[in-house]
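*Asks:* Structure supplied as target.cif; contents: mmCIF, C-alpha atoms and all ligand atoms.
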```
data_data
#
loop_
_atom_site.group_PDB
_atom_site.id
_atom_site.type_symbol
_atom_site.label_atom_id
_atom_site.label_comp_id
_atom_site.auth_asym_id
_atom_site.auth_seq_id
_atom_site.Cartn_x
_atom_site.Cartn_y
_atom_site.Cartn_z
ATOM 1 C CA MET A 1 19.084 -6.569 -5.684
ATOM 2 C CA SER A 2 17.150 -8.649 -3.160
ATOM 3 C CA VAL A 3 13.368 -8.447 -2.871
ATOM 4 C CA ALA A 4 11.760 -9.409 0.412
ATOM 5 C CA THR A 5 8.313 -10.735 -0.397
ATOM 6 C CA CYS A 6 6.395 -13.952 -0.097
ATOM 7 C CA HIS A 7 3.412 -12.849 -2.133
ATOM 8 C CA GLY A 8 4.705 -12.919 -5.687
ATOM 9 C CA LYS A 9 5.418 -9.180 -5.891
ATOM 10 C CA GLU A 10 8.848 -9.825 -7.428
ATOM 11 C CA ARG A 11 7.129 -10.481 -10.765
ATOM 12 C CA VAL A 12 5.545 -7.018 -10.656
ATOM 13 C CA LEU A 13 8.761 -5.282 -9.573
ATOM 14 C CA ALA A 14 11.253 -6.994 -11.885
ATOM 15 C CA ARG A 15 10.528 -5.159 -15.142
ATOM 16 C CA PRO A 16 10.601 -1.519 -13.917
ATOM 17 C CA PHE A 17 13.917 -2.102 -12.139
ATOM 18 C CA ARG A 18 15.500 -3.997 -15.001
ATOM 19 C CA ARG A 19 14.443 -1.465 -17.620
ATOM 20 C CA GLY A 20 15.047 1.679 -15.601
ATOM 21 C CA LEU A 21 18.163 0.808 -13.603
ATOM 22 C CA ASP A 22 19.458 -2.435 -15.135
ATOM 23 C CA LEU A 23 18.982 -4.172 -11.774
ATOM 24 C CA THR A 24 18.025 -7.820 -11.535
ATOM 25 C CA VAL A 25 15.582 -8.832 -8.848
ATOM 26 C CA VAL A 26 16.634 -11.748 -6.634
ATOM 27 C CA LEU A 27 13.896 -13.162 -4.445
ATOM 28 C CA ALA A 28 14.890 -13.608 -0.797
ATOM 29 C CA THR A 29 13.666 -17.219 -0.905
ATOM 30 C CA GLY A 30 12.581 -18.700 2.386
ATOM 31 C CA LEU A 31 12.388 -15.365 4.191
ATOM 32 C CA ASP A 32 9.200 -15.238 6.276
ATOM 33 C CA THR A 33 7.962 -11.656 5.737
ATOM 34 C CA ASP A 34 4.897 -12.433 7.869
ATOM 35 C CA VAL A 35 7.067 -11.775 10.970
ATOM 36 C CA PHE A 36 6.644 -8.103 10.014
ATOM 37 C CA GLY A 37 2.867 -8.425 10.406
ATOM 38 C CA THR A 38 0.060 -9.514 8.103
ATOM 39 C CA PHE A 39 -2.996 -7.824 6.597
ATOM 40 C CA SER A 40 -5.357 -10.375 8.015
ATOM 41 C CA GLY A 41 -4.186 -9.623 11.536
ATOM 42 C CA GLU A 42 -2.747 -13.002 12.627
ATOM 43 C CA ARG A 43 0.348 -11.020 13.505
ATOM 44 C CA PRO A 44 0.195 -7.350 14.430
ATOM 45 C CA ARG A 45 2.579 -4.980 12.676
ATOM 46 C CA PRO A 46 5.398 -3.922 15.014
ATOM 47 C CA ALA A 47 6.051 -0.561 13.317
ATOM 48 C CA ASP A 48 4.427 1.920 10.923
ATOM 49 C CA ALA A 49 4.389 1.079 7.221
ATOM 50 C CA PRO A 50 7.498 3.012 6.041
ATOM 51 C CA GLU A 51 9.561 1.605 8.918
ATOM 52 C CA THR A 52 8.238 -1.932 8.365
ATOM 53 C CA CYS A 53 9.120 -1.607 4.700
ATOM 54 C CA ARG A 54 12.741 -0.597 5.456
ATOM 55 C CA ARG A 55 13.158 -3.439 7.971
ATOM 56 C CA LYS A 56 11.815 -5.914 5.421
ATOM 57 C CA ALA A 57 14.293 -4.706 2.791
ATOM 58 C CA GLU A 58 17.159 -5.043 5.320
ATOM 59 C CA ALA A 59 16.038 -8.558 6.271
ATOM 60 C CA GLY A 60 16.006 -9.539 2.589
ATOM 61 C CA MET A 61 19.573 -8.262 2.186
ATOM 62 C CA ASP A 62 20.725 -10.158 5.295
ATOM 63 C CA HIS A 63 19.112 -13.242 3.832
ATOM 64 C CA THR A 64 20.656 -12.997 0.343
ATOM 65 C CA GLY A 65 23.932 -11.256 1.294
ATOM 66 C CA LEU A 66 23.315 -8.547 -1.343
ATOM 67 C CA ASP A 67 24.076 -4.825 -0.890
ATOM 68 C CA LEU A 68 20.874 -3.611 -2.554
ATOM 69 C CA GLY A 69 17.428 -4.402 -1.238
ATOM 70 C CA LEU A 70 13.799 -3.644 -2.009
ATOM 71 C CA ALA A 71 10.591 -4.206 -0.080
ATOM 72 C CA SER A 72 6.971 -3.207 -0.474
ATOM 73 C CA GLU A 73 4.229 -2.625 2.045
ATOM 74 C CA GLY A 74 0.560 -1.730 1.826
ATOM 75 C CA SER A 75 -2.125 -0.588 4.216
ATOM 76 C CA PHE A 76 -5.877 -0.271 3.693
ATOM 77 C CA GLY A 77 -8.659 1.424 5.544
ATOM 78 C CA ALA A 78 -11.095 4.292 5.600
ATOM 79 C CA HIS A 79 -10.123 7.576 3.928
ATOM 80 C CA PRO A 80 -9.029 10.088 6.639
ATOM 81 C CA ALA A 81 -11.417 12.789 5.354
ATOM 82 C CA PHE A 82 -14.184 10.649 3.768
ATOM 83 C CA PRO A 83 -14.640 7.622 6.060
ATOM 84 C CA TRP A 84 -17.206 5.961 3.753
ATOM 85 C CA LEU A 85 -14.475 5.608 1.098
ATOM 86 C CA ALA A 86 -11.828 2.913 1.250
ATOM 87 C CA VAL A 87 -8.306 3.933 0.296
ATOM 88 C CA GLY A 88 -5.066 2.082 0.064
ATOM 89 C CA SER A 89 -1.529 3.262 0.666
ATOM 90 C CA GLU A 90 1.458 1.560 -0.893
ATOM 91 C CA TRP A 91 5.088 2.010 0.096
ATOM 92 C CA LEU A 92 8.180 0.875 -1.731
ATOM 93 C CA THR A 93 11.631 1.224 -0.177
ATOM 94 C CA PHE A 94 15.041 0.773 -1.775
ATOM 95 C CA VAL A 95 18.121 0.338 0.430
ATOM 96 C CA ASP A 96 21.722 0.710 -0.791
ATOM 97 C CA ARG A 97 24.049 -0.537 1.948
ATOM 98 C CA ARG A 98 27.326 0.415 0.271
ATOM 99 C CA GLU A 99 26.284 4.052 0.034
ATOM 100 C CA GLY A 100 24.106 4.059 3.150
ATOM 101 C CA LEU A 101 21.013 5.263 1.274
ATOM 102 C CA VAL A 102 17.322 4.634 1.938
ATOM 103 C CA ILE A 103 15.069 5.841 -0.898
ATOM 104 C CA ALA A 104 11.312 5.466 -0.542
ATOM 105 C CA GLU A 105 8.190 6.362 -2.489
ATOM 106 C CA SER A 106 4.563 6.049 -1.489
ATOM 107 C CA LEU A 107 1.266 6.217 -3.278
ATOM 108 C CA LEU A 108 -2.270 6.911 -2.087
ATOM 109 C CA VAL A 109 -4.561 4.603 -4.041
ATOM 110 C CA PRO A 110 -8.152 5.855 -4.254
ATOM 111 C CA ARG A 111 -9.209 2.790 -6.235
ATOM 112 C CA THR A 112 -9.077 -0.239 -3.953
ATOM 113 C CA ASN A 113 -11.448 -3.138 -3.451
ATOM 114 C CA PHE A 114 -10.735 -3.233 0.297
ATOM 115 C CA ASP A 115 -13.899 -4.112 2.250
ATOM 116 C CA ARG A 116 -15.187 -6.404 5.000
ATOM 117 C CA ARG A 117 -18.573 -7.412 6.305
ATOM 118 C CA VAL A 118 -20.311 -9.851 8.633
ATOM 119 C CA VAL A 119 -22.359 -12.414 6.719
ATOM 120 C CA SER A 120 -24.473 -15.477 7.303
ATOM 121 C CA PRO A 121 -23.956 -18.521 5.026
ATOM 122 C CA GLY A 122 -27.464 -18.093 3.525
ATOM 123 C CA ASP A 123 -27.031 -14.393 2.575
ATOM 124 C CA ASP A 124 -27.306 -13.166 -0.994
ATOM 125 C CA LEU A 125 -23.789 -11.810 -1.530
ATOM 126 C CA GLU A 126 -23.899 -11.343 -5.288
ATOM 127 C CA ASP A 127 -23.752 -7.507 -5.332
ATOM 128 C CA TRP A 128 -21.012 -7.342 -2.733
ATOM 129 C CA LEU A 129 -18.966 -10.031 -4.456
ATOM 130 C CA ARG A 130 -19.204 -8.121 -7.738
ATOM 131 C CA ARG A 131 -18.126 -4.893 -6.047
ATOM 132 C CA VAL A 132 -15.006 -6.411 -4.455
ATOM 133 C CA GLY A 133 -14.053 -8.090 -7.731
ATOM 134 C CA PHE A 134 -14.571 -11.726 -6.728
ATOM 135 C CA PRO A 135 -13.407 -14.170 -8.101
ATOM 136 C CA SER A 136 -10.488 -12.373 -9.832
ATOM 137 C CA HIS A 137 -9.807 -10.908 -6.363
ATOM 138 C CA ALA A 138 -9.633 -13.466 -3.543
ATOM 139 C CA LEU A 139 -11.386 -13.365 -0.142
ATOM 140 C CA ILE A 140 -10.654 -14.258 3.472
ATOM 141 C CA ALA A 141 -13.196 -15.791 5.867
ATOM 142 C CA ARG A 142 -13.071 -16.201 9.645
ATOM 143 C CA PRO A 143 -15.585 -16.912 12.418
ATOM 144 C CA HIS A 144 -17.410 -13.797 13.652
ATOM 145 C CA LEU A 145 -17.241 -14.684 17.356
ATOM 146 C CA GLY A 146 -15.195 -17.025 19.478
ATOM 147 C CA GLU A 147 -11.902 -18.754 18.877
ATOM 148 C CA GLY A 148 -10.157 -17.413 15.797
ATOM 149 C CA SER A 149 -12.436 -14.362 15.350
ATOM 150 C CA ASP A 150 -9.495 -12.060 16.069
ATOM 151 C CA GLY A 151 -7.397 -14.026 13.604
ATOM 152 C CA SER A 152 -5.334 -15.587 16.392
ATOM 153 C CA VAL A 153 -5.992 -19.197 15.419
ATOM 154 C CA ASP A 154 -4.810 -19.996 11.910
ATOM 155 C CA VAL A 155 -6.957 -23.115 11.662
ATOM 156 C CA SER A 156 -10.244 -21.206 11.414
ATOM 157 C CA LEU A 157 -8.933 -18.415 9.184
ATOM 158 C CA ILE A 158 -9.353 -19.266 5.515
ATOM 159 C CA LYS A 159 -7.358 -17.163 3.046
ATOM 160 C CA GLY A 160 -7.121 -17.028 -0.716
ATOM 161 C CA ILE A 161 -10.729 -18.048 -1.465
ATOM 162 C CA ARG A 162 -11.025 -17.923 -5.263
ATOM 163 C CA THR A 163 -14.034 -19.975 -6.343
ATOM 164 C CA SER A 164 -17.731 -20.120 -5.417
ATOM 165 C CA GLY A 165 -17.259 -23.689 -4.172
ATOM 166 C CA GLU A 166 -14.400 -22.634 -1.897
ATOM 167 C CA LEU A 167 -16.473 -19.724 -0.647
ATOM 168 C CA VAL A 168 -19.459 -21.921 0.256
ATOM 169 C CA ARG A 169 -17.214 -24.391 2.121
ATOM 170 C CA ALA A 170 -15.350 -21.582 3.929
ATOM 171 C CA LEU A 171 -18.604 -19.889 5.004
ATOM 172 C CA GLY A 172 -19.928 -23.190 6.345
ATOM 173 C CA ARG A 173 -16.767 -24.007 8.261
ATOM 174 C CA CYS A 174 -16.377 -20.527 9.792
ATOM 175 C CA ALA A 175 -20.102 -20.318 10.678
ATOM 176 C CA ARG A 176 -19.884 -23.647 12.545
ATOM 177 C CA ALA A 177 -16.796 -22.367 14.404
ATOM 178 C CA SER A 178 -18.505 -19.089 15.377
ATOM 179 C CA SER A 179 -20.674 -18.988 18.505
ATOM 180 C CA ASP A 180 -23.307 -16.811 16.725
ATOM 181 C CA GLY A 181 -23.115 -18.662 13.393
ATOM 182 C CA LEU A 182 -21.878 -15.553 11.539
ATOM 183 C CA VAL A 183 -18.745 -15.048 9.466
ATOM 184 C CA TRP A 184 -16.362 -12.160 8.837
ATOM 185 C CA LEU A 185 -15.789 -11.987 5.095
ATOM 186 C CA GLU A 186 -13.107 -9.659 3.780
ATOM 187 C CA THR A 187 -10.993 -8.941 0.731
ATOM 188 C CA ASP A 188 -7.639 -10.720 0.575
ATOM 189 C CA MET A 189 -5.196 -7.856 0.048
ATOM 190 C CA ARG A 190 -2.082 -9.967 -0.552
ATOM 191 C CA ALA A 191 -0.604 -8.957 -3.901
ATOM 192 C CA HIS A 192 -0.874 -12.376 -5.566
ATOM 193 C CA CYS A 193 -4.604 -12.458 -4.686
ATOM 194 C CA ASN A 194 -5.341 -8.902 -5.754
ATOM 195 C CA PRO A 195 -4.789 -7.658 -9.348
ATOM 196 C CA THR A 196 -5.867 -4.091 -8.401
ATOM 197 C CA ARG A 197 -3.012 -3.952 -5.913
ATOM 198 C CA ARG A 198 -0.533 -5.314 -8.420
ATOM 199 C CA VAL A 199 -1.363 -2.429 -10.782
ATOM 200 C CA ALA A 200 -0.735 0.082 -7.962
ATOM 201 C CA ILE A 201 2.563 -1.558 -6.992
ATOM 202 C CA ARG A 202 3.749 -1.539 -10.596
ATOM 203 C CA SER A 203 3.094 2.194 -11.043
ATOM 204 C CA LEU A 204 4.792 2.868 -7.697
ATOM 205 C CA ALA A 205 7.804 0.849 -8.884
ATOM 206 C CA PHE A 206 8.170 3.060 -11.968
ATOM 207 C CA ARG A 207 7.967 6.119 -9.701
ATOM 208 C CA LEU A 208 10.667 4.812 -7.357
ATOM 209 C CA VAL A 209 12.908 3.917 -10.313
ATOM 210 C CA ARG A 210 12.573 7.497 -11.634
ATOM 211 C CA ARG A 211 13.462 8.845 -8.213
ATOM 212 C CA ILE A 212 16.528 6.599 -7.838
ATOM 213 C CA ALA A 213 17.647 7.802 -11.284
ATOM 214 C CA SER A 214 17.368 11.487 -10.189
ATOM 215 C CA PRO A 215 20.642 12.837 -8.741
ATOM 216 C CA CYS A 216 20.732 15.483 -6.001
ATOM 217 C CA PRO A 217 21.757 18.847 -7.543
ATOM 218 C CA ALA A 218 24.152 19.458 -4.618
ATOM 219 C CA CYS A 219 25.909 16.134 -3.917
ATOM 220 C CA GLY A 220 24.886 13.921 -6.851
ATOM 221 C CA ALA A 221 23.472 11.133 -4.667
ATOM 222 C CA PRO A 222 20.533 9.208 -6.165
ATOM 223 C CA GLY A 223 17.010 9.655 -4.805
ATOM 224 C CA TRP A 224 16.284 13.375 -5.334
ATOM 225 C CA GLY A 225 12.536 13.983 -5.117
ATOM 226 C CA LEU A 226 9.417 15.121 -3.284
ATOM 227 C CA CYS A 227 9.706 15.010 0.530
ATOM 228 C CA GLU A 228 6.626 16.867 1.734
ATOM 229 C CA GLY A 229 3.799 19.121 0.618
ATOM 230 C CA LEU A 230 3.242 22.620 2.007
ATOM 231 C CA ALA A 231 -0.362 23.659 2.579
ATOM 232 C CA GLY A 232 -1.574 27.238 2.164
ATOM 233 C CA LEU A 233 -2.604 27.738 -1.484
ATOM 234 C CA PRO A 234 -4.304 31.188 -1.439
ATOM 235 C CA CYS A 235 -8.047 31.417 -2.083
ATOM 236 C CA ALA A 236 -8.930 32.800 -5.539
ATOM 237 C CA TRP A 237 -11.453 35.291 -4.020
ATOM 238 C CA CYS A 238 -10.003 36.557 -0.745
ATOM 239 C CA GLY A 239 -6.360 35.461 -0.883
ATOM 240 C CA GLN A 240 -6.403 33.751 2.532
ATOM 241 C CA PRO A 241 -4.320 30.566 2.805
ATOM 242 C CA THR A 242 -6.317 27.311 2.467
ATOM 243 C CA GLU A 243 -5.606 23.672 3.359
ATOM 244 C CA ARG A 244 -4.738 22.970 -0.303
ATOM 245 C CA LEU A 245 -1.105 22.424 -1.278
ATOM 246 C CA ARG A 246 0.800 25.606 -2.124
ATOM 247 C CA ALA A 247 4.222 24.141 -2.873
ATOM 248 C CA GLU A 248 6.351 21.011 -2.726
ATOM 249 C CA ILE A 249 9.590 20.514 -0.828
ATOM 250 C CA TRP A 250 12.086 18.397 -2.735
ATOM 251 C CA GLY A 251 15.071 16.961 -0.957
ATOM 252 C CA CYS A 252 18.068 14.661 -0.926
ATOM 253 C CA VAL A 253 18.376 11.409 1.062
ATOM 254 C CA ALA A 254 22.148 11.877 1.577
ATOM 255 C CA CYS A 255 22.709 15.595 2.286
ATOM 256 C CA ASP A 256 20.522 18.375 3.691
ATOM 257 C CA ARG A 257 19.785 20.110 0.384
ATOM 258 C CA ARG A 258 16.098 21.169 0.174
ATOM 259 C CA GLU A 259 14.284 23.105 -2.544
ATOM 260 C CA GLU A 260 10.816 24.583 -2.597
ATOM 261 C CA LYS A 261 9.025 24.088 -5.912
ATOM 262 C CA PRO A 262 5.611 25.313 -7.032
ATOM 263 C CA ARG A 263 2.833 22.727 -7.383
ATOM 264 C CA GLY A 264 3.345 20.291 -10.232
ATOM 265 C CA ASP A 265 0.023 21.275 -11.880
ATOM 266 C CA GLY A 266 0.851 25.025 -11.971
ATOM 267 C CA ARG A 267 -2.190 26.140 -9.932
ATOM 268 C CA HIS A 268 -1.703 29.447 -8.085
ATOM 269 C CA ALA A 269 -5.094 29.834 -6.395
ATOM 270 C CA ALA A 270 -7.526 27.581 -4.581
ATOM 271 C CA ASP A 271 -11.219 27.120 -5.292
ATOM 272 C CA PRO A 272 -13.176 29.415 -2.894
ATOM 273 C CA GLY A 273 -15.142 26.284 -1.958
ATOM 274 C CA ASP A 274 -12.003 25.110 -0.119
ATOM 275 C CA CYS A 275 -11.644 28.443 1.737
ATOM 276 C CA SER A 276 -12.716 28.634 5.402
ATOM 277 C CA TRP A 277 -13.474 32.394 4.981
ATOM 278 C CA CYS A 278 -15.532 32.278 1.773
ATOM 279 C CA ASN A 279 -17.104 28.868 2.457
ATOM 280 C CA PRO A 280 -16.991 28.271 6.208
HETATM 281 ZN ZN ZN B 301 -11.580 32.914 0.396
HETATM 282 ZN ZN ZN B 302 22.479 15.640 -1.759
#
```
Let's see the structure in the file written out as structure tokens.
Ligand SMILES: [Zn+2]
Ligand SMILES: [Zn+2]

*Replies:*
Amino acid sequence: MSVATCHGKERVLARPFRRGLDLTVVLATGLDTDVFGTFSGERPRPADAPETCRRKAEAGMDHTGLDLGLASEGSFGAHPAFPWLAVGSEWLTFVDRREGLVIAESLLVPRTNFDRRVVSPGDDLEDWLRRVGFPSHALIARPHLGEGSDGSVDVSLIKGIRTSGELVRALGRCARASSDGLVWLETDMRAHCNPTRRVAIRSLAFRLVRRIASPCPACGAPGWGLCEGLAGLPCAWCGQPTERLRAEIWGCVACDRREEKPRGDGRHAADPGDCSWCNP
């Protein structure tokens, strides 16, 4: 099975796939996955994350000539409901060309170190650096204004900063290149620079392996699992439907079999605090 990655993710993915499915990971060596876009914005992403992930897996298979492919993709930003919280999303997509199957899993990661801020080389950054997990987690620096501030010029974008010495030099260089002397400093989210992300990708890999190992009850194809959540869990006081999940739709990637299942945690009623009638 080919893995399209240039950020060392194959080491994280190898064990779950070998143990769960007896598949050996083959790195698509020399494949430039940055053509699918980069976190640091030098290249915009041409498609949404699940689509990018599938295209990456296909490119890896073209590159290695194998019939099975795997690719991973992450995105980071503000939580849709709580914008002061950073969340990450991880996708992992498995493609089987012989059978024409695309099996994907995703994970919302509430624990991420994703953050960025504008700094001046003289600032006291100690608290921030501790919060984002530096130096076990690497950083990226770029000039705040002027050439390279949008990430367009690689020369003034410094990635993979891992030591205090590197950080001081990067801040100095980017500040000199910036017309206001300030620097954008942000977390480097590439997997080999970010142990928190590697943990998330590993748990997602085990989830995807379980899903591939689950056959559809109708046609037997691999990949049976959760497709979407249905909102409308009734309020415990008044019985009105709420925004909370009421049920899960499970489905097949090969045929149109769908099944509605109750929530995995067995809850039948929502907290009245989540009800727009009882707690408007
Ligand atoms: Zn209610
Ligand atoms: Zn099926």

*Asks:* Would you kindly return, as a PDB file with C-alpha atoms, in the coordinates of the input, each protein, DNA or RNA residue with an atom no farther than 8 Å from any atom of Gly172 of chain A, considering only C-alpha atoms and excluding same-chain residues fewer than 4 positions away?

*Replies:*
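Resulting contents of out_23.pdb:
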```
ATOM      1  CA  PRO A 121     -23.956 -18.521   5.026  1.00  0.00           C
ATOM      2  CA  VAL A 168     -19.459 -21.921   0.256  1.00  0.00           C
ATOM      3  CA  ARG A 176     -19.884 -23.647  12.545  1.00  0.00           C
TER       4      ARG A 176
END
```

*Asks:* Skipping near chain neighbours, those fewer than 3 positions away, what residues fall within 8 Å of Thr187 of chain A using all atoms listed in the file, listed as a VMD selection string?

*Replies:* chain A and resid 113 to 116 132 137 to 140

*Asks:* List as a PDB file with C-alpha atoms, in the frame of the given file the protein and nucleic acid residues lying within 9 Å of ligand ZN 301 (chain B), with all atoms listed in the file counted.

*Replies:*
```
ATOM      1  CA  PRO A 234      -4.304  31.188  -1.439  1.00  0.00           C
ATOM      2  CA  CYS A 235      -8.047  31.417  -2.083  1.00  0.00           C
ATOM      3  CA  ALA A 236      -8.930  32.800  -5.539  1.00  0.00           C
ATOM      4  CA  TRP A 237     -11.453  35.291  -4.020  1.00  0.00           C
ATOM      5  CA  CYS A 238     -10.003  36.557  -0.745  1.00  0.00           C
ATOM      6  CA  GLY A 239      -6.360  35.461  -0.883  1.00  0.00           C
ATOM      7  CA  GLN A 240      -6.403  33.751   2.532  1.00  0.00           C
ATOM      8  CA  PRO A 241      -4.320  30.566   2.805  1.00  0.00           C
ATOM      9  CA  THR A 242      -6.317  27.311   2.467  1.00  0.00           C
ATOM     10  CA  ALA A 270      -7.526  27.581  -4.581  1.00  0.00           C
ATOM     11  CA  ASP A 271     -11.219  27.120  -5.292  1.00  0.00           C
ATOM     12  CA  PRO A 272     -13.176  29.415  -2.894  1.00  0.00           C
ATOM     13  CA  GLY A 273     -15.142  26.284  -1.958  1.00  0.00           C
ATOM     14  CA  ASP A 274     -12.003  25.110  -0.119  1.00  0.00           C
ATOM     15  CA  CYS A 275     -11.644  28.443   1.737  1.00  0.00           C
ATOM     16  CA  SER A 276     -12.716  28.634   5.402  1.00  0.00           C
ATOM     17  CA  TRP A 277     -13.474  32.394   4.981  1.00  0.00           C
ATOM     18  CA  CYS A 278     -15.532  32.278   1.773  1.00  0.00           C
ATOM     19  CA  ASN A 279     -17.104  28.868   2.457  1.00  0.00           C
TER      20      ASN A 279
END
```

*Asks:* Can you tell me which residues surround Glu73 of chain A at a distance of at most 8 Å, considering only C-alpha atoms, apart from same-chain residues fewer than 2 positions away, and format the answer as a CSV table (one decimal) with C-alpha atoms, in the frame of the given file?

*Replies:*
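Listed below is the output, part-v6.csv:
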```csv
chain,number,residue,atom,x,y,z
A,49,ALA,CA,4.4,1.1,7.2
A,50,PRO,CA,7.5,3.0,6.0
A,52,THR,CA,8.2,-1.9,8.4
A,53,CYS,CA,9.1,-1.6,4.7
A,71,ALA,CA,10.6,-4.2,-0.1
A,75,SER,CA,-2.1,-0.6,4.2
A,90,GLU,CA,1.5,1.6,-0.9
A,91,TRP,CA,5.1,2.0,0.1
A,92,LEU,CA,8.2,0.9,-1.7
```

*Asks:* At a cut-off of 9 Å, using all atoms listed in the file, what residues contact Leu171 of chain A? Leave out same-chain residues fewer than 6 positions from it and give the result as a list in words.

*Replies:*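 Using all atoms listed in the file, the neighbours found are Val119, Ser120, Pro121, Ala141, Arg142, Pro143, Leu182, Val183, Trp184 and Leu185 of chain A.
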
*Asks:* Using all atoms listed in the file, find each residue of chain A with at least one atom at most 6 Å away from an atom of ligand ZN 302 (chain B); report its shortest atom-to-atom pair and that distance in Å (one decimal), sort the rows by chain and rising residue number, and return the result as JSON lines.

*Replies:*
```
{"residue": "A:Cys216", "atom": "CA", "partner": "B:ZN302", "partner_atom": "ZN", "distance": 4.6}
{"residue": "A:Ala218", "atom": "CA", "partner": "B:ZN302", "partner_atom": "ZN", "distance": 5.1}
{"residue": "A:Cys219", "atom": "CA", "partner": "B:ZN302", "partner_atom": "ZN", "distance": 4.1}
{"residue": "A:Gly220", "atom": "CA", "partner": "B:ZN302", "partner_atom": "ZN", "distance": 5.9}
{"residue": "A:Ala221", "atom": "CA", "partner": "B:ZN302", "partner_atom": "ZN", "distance": 5.5}
{"residue": "A:Cys252", "atom": "CA", "partner": "B:ZN302", "partner_atom": "ZN", "distance": 4.6}
{"residue": "A:Ala254", "atom": "CA", "partner": "B:ZN302", "partner_atom": "ZN", "distance": 5.0}
{"residue": "A:Cys255", "atom": "CA", "partner": "B:ZN302", "partner_atom": "ZN", "distance": 4.1}
{"residue": "A:Arg257", "atom": "CA", "partner": "B:ZN302", "partner_atom": "ZN", "distance": 5.6}
```

*Asks:* Go ahead and write the selection's residues with C-alpha atoms as a CSV table (one decimal), in the frame of the given file.

*Replies:*
```
chain,number,residue,atom,x,y,z
A,216,CYS,CA,20.7,15.5,-6.0
A,218,ALA,CA,24.2,19.5,-4.6
A,219,CYS,CA,25.9,16.1,-3.9
A,220,GLY,CA,24.9,13.9,-6.9
A,221,ALA,CA,23.5,11.1,-4.7
A,252,CYS,CA,18.1,14.7,-0.9
A,254,ALA,CA,22.1,11.9,1.6
A,255,CYS,CA,22.7,15.6,2.3
A,257,ARG,CA,19.8,20.1,0.4
```

*Asks:* Looking at only C-alpha atoms, which of A:Arg198, A:Ala269, A:Val109, A:Arg97 is the one that sits closest to Leu245 of chain A?

*Replies:*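 The answer is A:Ala269, which sits nearest to Leu245 of chain A.
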
*Asks:* Identify all residues satisfying the PyMOL selection byres (((chain A and resi 31) around 9) and not hetatm) in the given file; provide them as a PyMOL selection string.

*Replies:* chain A and resi 4-6+28-30+32-34+59-60+63

*Asks:* Of the residues A:Arg55, A:Ala205, A:Ala191, A:Glu99, which is the one nearest to Ala14 of chain A, using only C-alpha atoms?

*Replies:* A:Ala205

*Asks:* For atom CA of Ala170 of chain A and atom CA of Val199 of chain A, determine how far apart the two atoms are, in Å to one decimal place.

*Replies:*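 So the two atoms, atom CA of Ala170 of chain A and atom CA of Val199 of chain A, lie 27.9 Å apart.
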
*Asks:* Which residue, A:Gly223, A:Gly122, A:Gly8, A:Gly77, has the smallest gap to Thr93 of chain A when you use all atoms listed in the file?

*Replies:* A:Gly223

*Asks:* Could you check which of A:Pro16, A:Pro135, A:Gly266, A:Gly232 is closest to Leu204 of chain A, using only C-alpha atoms?

*Replies:*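 Using only C-alpha atoms, the shortest distance to Leu204 of chain A belongs to A:Pro16.
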
*Asks:* Could you check the closest approach to Asp62 of chain A for each of A:Ala86, A:Leu108, A:Leu157, A:Met1 and tell me which residue wins, using all atoms listed in the file?

*Replies:*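 For Asp62 of chain A, the nearest of the candidates is A:Met1.
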
*Asks:* Grab the atom CA of Pro262 of chain A to atom CA of Ser203 of chain A distance for me, in Å with one decimal place.

*Replies:*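 Between these atoms lies a distance of 23.6 Å.
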
*Asks:* Work out how far atom CA of Arg202 of chain A is from atom CA of Arg162 of chain A, in Å to one decimal.

*Replies:* 22.7 Å

*Asks:* When distances are computed from only C-alpha atoms, which of A:Leu107, A:Leu101, A:Leu13, A:Leu21 shows the smallest separation from Ala200 of chain A?

*Replies:*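 So, comparing all the options, the nearest one is A:Leu107.
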